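Asker: Could you have a look at this structure, given as structure tokens, before my questions?
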Amino acid sequence: MVAIVTGGAKGIGKAIVETLAKKGIKVVFSYFHSETLAEELQQELLKNGYEVEKCYADISKKEDVKKLVKFAKEKFGDINILINNAGISLWKMFLDITDEDWNNVIQTNLTSVFYMIQEVLQDMIHRKNGCIINISSIWGMVGASCETVYSVTKAGIDAITKSLAKELGPSNIRVNSIAPGYIITDMNKDLTQTEIESLKTEIPLGKLGKPEDIAKCVEWLIEDNYTTGQIISPNGGWVII
């Protein structure tokens, strides 16, 4: 099997790349700002005998998405699995959000998912087989104060997931979203220890998640044959819907 993971150099993406590679899946992962981390990850996995390639791509641009998918197919063959993980956050009061802010987050988080799925989908439909997993966020489910545009993109990803699951089910292509709660990654690096401890008191399991928790969920969704159109939220019980 062959998988593409966007934003795979660090955090949740890195954990997904490592998990899939260790399952014997051939993985191509994209990176944008994290060239050194991407190189380190690739070399570590290659050293242990896994088939992994990195590819620089700004997935907010259609031409880079086409380049990424072409690269993956030339390296390993037809794409079986797509993990849309790359994304950026923005913390701003709503009245302070500029047109540039809005367009940048929408293009990077949401339009990129549209580009990526369109680019791999034709082959998947032809083969009548495929697995698409979108990494969303709990904020797409319930919204977040001062993170409106980020929440909008994640809600949009969940809507794409539900719609495509219905459209692509007859072609045996499964589409699901994973909507993590607070996960210990660079995206949350600005939280103080006091804020972290306060968060833990709101979470029934009393802890923040790890990137590996999301990677395990990805692994299950790849192996499962009867789950599609679902928004699965590993969040420690913080939000239960």
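The way I read the labels, and the way they are meant: chains A, B, ... in the order of the structure tokens, residue 1 as the first residue of every chain, and ligand 1 as the first ligand shown, with later ones counted on from there.
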Within 6 Å of Gln107 in chain A, counting only C-alpha atoms, which residues qualify if same-chain residues fewer than 4 places away don't, as number ranges by chain?

Answerer: A: 60, 103, 111

Asker: Give me, as a ChimeraX atom specification, all polymer residues having an atom no more than 9 Å from range 18-35 of chain A, counting only C-alpha atoms and skipping those fewer than 5 positions away in the same chain.

Answerer: /A:1-10,13,40-41,45,50-59,68-69,71-72,75-76,86,212,215-216,218-219

Asker: Could you save those same residues with N, CA and C atoms as an mmCIF file, in the first residue's frame?

Answerer:
data_model
loop_
_atom_site.group_PDB
_atom_site.id
_atom_site.type_symbol
_atom_site.label_atom_id
_atom_site.label_comp_id
_atom_site.auth_asym_id
_atom_site.auth_seq_id
_atom_site.Cartn_x
_atom_site.Cartn_y
_atom_site.Cartn_z
ATOM 1 N N MET A 1 0.830 -1.199 0.000
ATOM 2 C CA MET A 1 0.000 0.000 0.000
ATOM 3 C C MET A 1 0.868 1.253 0.000
ATOM 4 N N VAL A 2 0.327 2.320 -0.563
ATOM 5 C CA VAL A 2 1.035 3.587 -0.663
ATOM 6 C C VAL A 2 0.183 4.685 -0.038
ATOM 7 N N ALA A 3 0.815 5.518 0.791
ATOM 8 C CA ALA A 3 0.087 6.603 1.463
ATOM 9 C C ALA A 3 0.789 7.932 1.250
ATOM 10 N N ILE A 4 -0.011 8.978 1.137
ATOM 11 C CA ILE A 4 0.496 10.352 1.201
ATOM 12 C C ILE A 4 0.022 10.959 2.512
ATOM 13 N N VAL A 5 0.942 11.589 3.235
ATOM 14 C CA VAL A 5 0.613 12.303 4.477
ATOM 15 C C VAL A 5 1.063 13.744 4.299
ATOM 16 N N THR A 6 0.146 14.690 4.347
ATOM 17 C CA THR A 6 0.564 16.089 4.241
ATOM 18 C C THR A 6 0.969 16.603 5.615
ATOM 19 N N GLY A 7 1.978 17.478 5.615
ATOM 20 C CA GLY A 7 2.458 18.029 6.882
ATOM 21 C C GLY A 7 3.012 16.947 7.789
ATOM 22 N N GLY A 8 3.898 16.128 7.254
ATOM 23 C CA GLY A 8 4.338 14.935 7.989
ATOM 24 C C GLY A 8 5.640 15.046 8.740
ATOM 25 N N ALA A 9 6.233 16.233 8.814
ATOM 26 C CA ALA A 9 7.573 16.347 9.400
ATOM 27 C C ALA A 9 7.582 16.419 10.919
ATOM 28 N N LYS A 10 6.461 16.802 11.520
ATOM 29 C CA LYS A 10 6.467 16.963 12.971
ATOM 30 C C LYS A 10 5.072 16.751 13.535
ATOM 31 N N GLY A 13 1.471 14.706 12.295
ATOM 32 C CA GLY A 13 1.878 14.174 11.002
ATOM 33 C C GLY A 13 3.046 13.220 11.111
ATOM 34 N N GLU A 40 15.506 14.614 8.851
ATOM 35 C CA GLU A 40 15.828 13.747 9.995
ATOM 36 C C GLU A 40 14.850 12.582 10.091
ATOM 37 N N LEU A 41 13.567 12.844 9.881
ATOM 38 C CA LEU A 41 12.559 11.787 9.955
ATOM 39 C C LEU A 41 12.772 10.764 8.854
ATOM 40 N N LEU A 45 13.877 6.689 9.422
ATOM 41 C CA LEU A 45 13.026 5.586 8.968
ATOM 42 C C LEU A 45 13.738 4.745 7.903
ATOM 43 N N TYR A 50 12.532 1.151 6.366
ATOM 44 C CA TYR A 50 11.186 1.503 5.924
ATOM 45 C C TYR A 50 11.245 2.328 4.640
ATOM 46 N N GLU A 51 10.189 2.249 3.842
ATOM 47 C CA GLU A 51 10.141 2.945 2.563
ATOM 48 C C GLU A 51 9.398 4.262 2.729
ATOM 49 N N VAL A 52 10.176 5.324 2.789
ATOM 50 C CA VAL A 52 9.623 6.653 3.055
ATOM 51 C C VAL A 52 10.330 7.687 2.183
ATOM 52 N N GLU A 53 9.555 8.590 1.626
ATOM 53 C CA GLU A 53 10.102 9.705 0.860
ATOM 54 C C GLU A 53 9.478 11.002 1.339
ATOM 55 N N LYS A 54 10.259 12.052 1.355
ATOM 56 C CA LYS A 54 9.745 13.379 1.687
ATOM 57 C C LYS A 54 9.621 14.183 0.409
ATOM 58 N N CYS A 55 8.746 15.197 0.427
ATOM 59 C CA CYS A 55 8.554 16.053 -0.740
ATOM 60 C C CYS A 55 8.152 17.450 -0.281
ATOM 61 N N TYR A 56 8.928 18.443 -0.678
ATOM 62 C CA TYR A 56 8.566 19.825 -0.377
ATOM 63 C C TYR A 56 7.317 20.202 -1.160
ATOM 64 N N ALA A 57 6.340 20.787 -0.489
ATOM 65 C CA ALA A 57 5.133 21.222 -1.184
ATOM 66 C C ALA A 57 4.382 22.257 -0.356
ATOM 67 N N ASP A 58 3.955 23.308 -1.015
ATOM 68 C CA ASP A 58 3.009 24.253 -0.424
ATOM 69 C C ASP A 58 1.632 23.803 -0.895
ATOM 70 N N ILE A 59 0.946 23.041 -0.071
ATOM 71 C CA ILE A 59 -0.286 22.407 -0.531
ATOM 72 C C ILE A 59 -1.447 23.380 -0.656
ATOM 73 N N LEU A 68 3.285 16.965 -5.829
ATOM 74 C CA LEU A 68 3.385 16.006 -4.731
ATOM 75 C C LEU A 68 2.815 14.648 -5.120
ATOM 76 N N VAL A 69 1.624 14.637 -5.693
ATOM 77 C CA VAL A 69 0.985 13.373 -6.064
ATOM 78 C C VAL A 69 1.764 12.687 -7.182
ATOM 79 N N PHE A 71 4.963 12.944 -7.750
ATOM 80 C CA PHE A 71 6.178 12.433 -7.110
ATOM 81 C C PHE A 71 5.907 11.104 -6.407
ATOM 82 N N ALA A 72 4.818 11.051 -5.640
ATOM 83 C CA ALA A 72 4.479 9.829 -4.898
ATOM 84 C C ALA A 72 4.215 8.659 -5.838
ATOM 85 N N LYS A 75 7.440 7.380 -7.363
ATOM 86 C CA LYS A 75 8.276 6.662 -6.393
ATOM 87 C C LYS A 75 7.714 5.290 -6.043
ATOM 88 N N PHE A 76 6.402 5.226 -5.789
ATOM 89 C CA PHE A 76 5.846 4.013 -5.201
ATOM 90 C C PHE A 76 4.653 3.415 -5.951
ATOM 91 N N ALA A 86 -1.903 18.520 7.101
ATOM 92 C CA ALA A 86 -1.262 19.832 7.184
ATOM 93 C C ALA A 86 -2.263 20.927 7.508
ATOM 94 N N GLU A 212 0.740 10.249 19.099
ATOM 95 C CA GLU A 212 0.601 8.809 18.875
ATOM 96 C C GLU A 212 -0.849 8.347 19.041
ATOM 97 N N ALA A 215 -2.342 8.915 15.708
ATOM 98 C CA ALA A 215 -1.788 7.954 14.745
ATOM 99 C C ALA A 215 -2.445 6.583 14.890
ATOM 100 N N LYS A 216 -2.738 6.191 16.130
ATOM 101 C CA LYS A 216 -3.408 4.901 16.350
ATOM 102 C C LYS A 216 -4.807 4.904 15.761
ATOM 103 N N VAL A 218 -5.744 6.710 13.169
ATOM 104 C CA VAL A 218 -5.519 6.603 11.725
ATOM 105 C C VAL A 218 -5.302 5.154 11.328
ATOM 106 N N GLU A 219 -4.466 4.464 12.085
ATOM 107 C CA GLU A 219 -4.172 3.057 11.801
ATOM 108 C C GLU A 219 -5.456 2.220 11.802
#

Asker: Mind checking DSSP for range 153-221 of chain A and telling me the helix (DSSP H, G or I) residues as a ChimeraX atom specification?

Answerer: /A:153-171,186-188,193-202,211-221

Asker: Could you tell me which of A:Gly229, A:Pro211, A:Pro234, A:Pro204 comes closest to Ile178 in chain A if we count only C-alpha atoms?

Answerer: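 The shortest atom-to-atom distance to Ile178 in chain A comes from A:Pro234.
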
Asker: With distances taken over only C-alpha atoms, which of A:Leu46, A:Met124, A:Leu164, A:Val239 is nearest to Glu202 in chain A?

Answerer: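 Under the stated criterion, the closest residue is A:Val239.
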